[in-house]
Each structure stands twice: as C-alpha cells, then as structure tokens.
Amino acid sequence: MRKFNVTVNGKSYVVDVEEVGTEGNAAPVVTSVAAAPAPAAKPAPVGEGTPVKAPMPGLILGLAHADGDAVKKNEKVIVLEAMKMENDINAPADGVITYVVKKGDNVETGAVLAYIK
C-alpha cells in the first residue's frame, strides 16, 4: 500500500494505492481517497486597529488595495463571493489597511479580514 498526495481542480487529496497482480504485471488499484488536511490559516493579528469583518461566509475574490495603502471610510477594500454573488466589503474607518486574508481564502461569518490603523 502506498500513499500519494493528488491535486484535482486545486483541491488536494490523500490517495492510498494498492498494487495487485503478478510480478511484472502489477496494476495499481485505488483503495481509498480522503481530502488532504487544509493548510492552517495564518493567525489574525490581535489589537492592530479597527477590524474589517466578514458579514457572511464566502470566498475572497479580490483585495482592492495593497497592504499599507491609505483607505477612507466606506471605501471598497475586499470583494467577497457569497452564494454566487460578489459583495463589496467597505472600510469601517479611515486609516492604513493591513490584510489578514488573501485572494482565494474561504472565510466564515465574523472572521477578521483586515485591520485599519
């Protein structure tokens, strides 16, 4: 039995493969497939300004600024896809933005997406 990590459409799986058959004529047979553990998300910085939180679960489609950019209150800072709709997440205050998430991250309701100092 051998284990392999296989990526299909951007999603990783751990696959167990068993070799069966006679010597020299062995054919691999997949015996089990399990989703590979997701990489740990980087921990959110604590107390670094006003948090920008996710109002709903979804996928981060884009960041409207670079880390360290100045933003104004109510300016779009993140695009979040939820239920196949793009939702703009706006800055809750004026300041300099520091992102906690990156494009492609999945987030839950209330997750801190960025801080504004």
# chains A, B, ... in the order shown; residues from 1 in each chain; ligands from 1

$ residues_around --residues "Glu48 in chain A" --least-positions-apart "3" --cutoff "9 Å" --atoms "only C-alpha atoms" --output "ChimeraX atom specification"
/A:45,51,98,115-117

$ atom_distance --atom1 "CA of Lys53 in chain A" --atom2 "CA of Ala91 in chain A"
9.6 Å

$ residues_around --residues "Ala70 in chain A" --least-positions-apart "2" --cutoff "10 Å" --atoms "only C-alpha atoms" --output "PyMOL selection string"
chain A and resi 65-68+72+94-98+116-117

$ closest_residue --among "A:Asn87, A:Asn106, A:Val112, A:Glu18" --to "Ile60 in chain A" --atoms "only C-alpha atoms"
A:Asn106

$ residues_around --residues "Pro92 in chain A" --least-positions-apart "2" --cutoff "8 Å" --atoms "only C-alpha atoms" --output "PDB file with N, CA, C and O atoms, in the first residue's frame"
ATOM      1  N   THR A  50      -8.807  48.955  13.788  1.00  0.00           N
ATOM      2  CA  THR A  50     -10.214  48.617  13.605  1.00  0.00           C
ATOM      3  C   THR A  50     -10.321  47.394  12.698  1.00  0.00           C
ATOM      4  O   THR A  50      -9.823  47.411  11.576  1.00  0.00           O
ATOM      5  N   VAL A  52     -11.825  44.715  10.062  1.00  0.00           N
ATOM      6  CA  VAL A  52     -12.784  44.608   8.967  1.00  0.00           C
ATOM      7  C   VAL A  52     -13.227  43.156   9.007  1.00  0.00           C
ATOM      8  O   VAL A  52     -12.413  42.257   8.812  1.00  0.00           O
ATOM      9  N   LYS A  73     -13.123  55.774   5.001  1.00  0.00           N
ATOM     10  CA  LYS A  73     -14.319  55.099   5.495  1.00  0.00           C
ATOM     11  C   LYS A  73     -15.296  54.887   4.344  1.00  0.00           C
ATOM     12  O   LYS A  73     -15.486  55.763   3.506  1.00  0.00           O
ATOM     13  N   ASN A  74     -15.913  53.709   4.293  1.00  0.00           N
ATOM     14  CA  ASN A  74     -16.892  53.292   3.283  1.00  0.00           C
ATOM     15  C   ASN A  74     -16.301  53.043   1.896  1.00  0.00           C
ATOM     16  O   ASN A  74     -17.045  52.825   0.943  1.00  0.00           O
ATOM     17  N   ASN A  90     -16.624  47.152   2.690  1.00  0.00           N
ATOM     18  CA  ASN A  90     -16.113  48.515   2.786  1.00  0.00           C
ATOM     19  C   ASN A  90     -15.392  48.762   4.096  1.00  0.00           C
ATOM     20  O   ASN A  90     -15.660  48.110   5.108  1.00  0.00           O
ATOM     21  N   ASP A  94     -11.342  55.447   8.444  1.00  0.00           N
ATOM     22  CA  ASP A  94     -10.189  55.946   7.694  1.00  0.00           C
ATOM     23  C   ASP A  94      -8.922  55.365   8.305  1.00  0.00           C
ATOM     24  O   ASP A  94      -8.858  55.123   9.516  1.00  0.00           O
TER      25      ASP A  94
END

$ atom_distance --atom1 "CA of Leu113 in chain A" --atom2 "CA of Lys84 in chain A"
19.4 Å

$ atom_distance --atom1 "CA of Val17 in chain A" --atom2 "CA of Arg2 in chain A"
5.2 Å

$ closest_residue --among "A:Lys103, A:Asp88, A:Glu75, A:Val6" --to "Met56 in chain A" --atoms "only C-alpha atoms"
A:Asp88
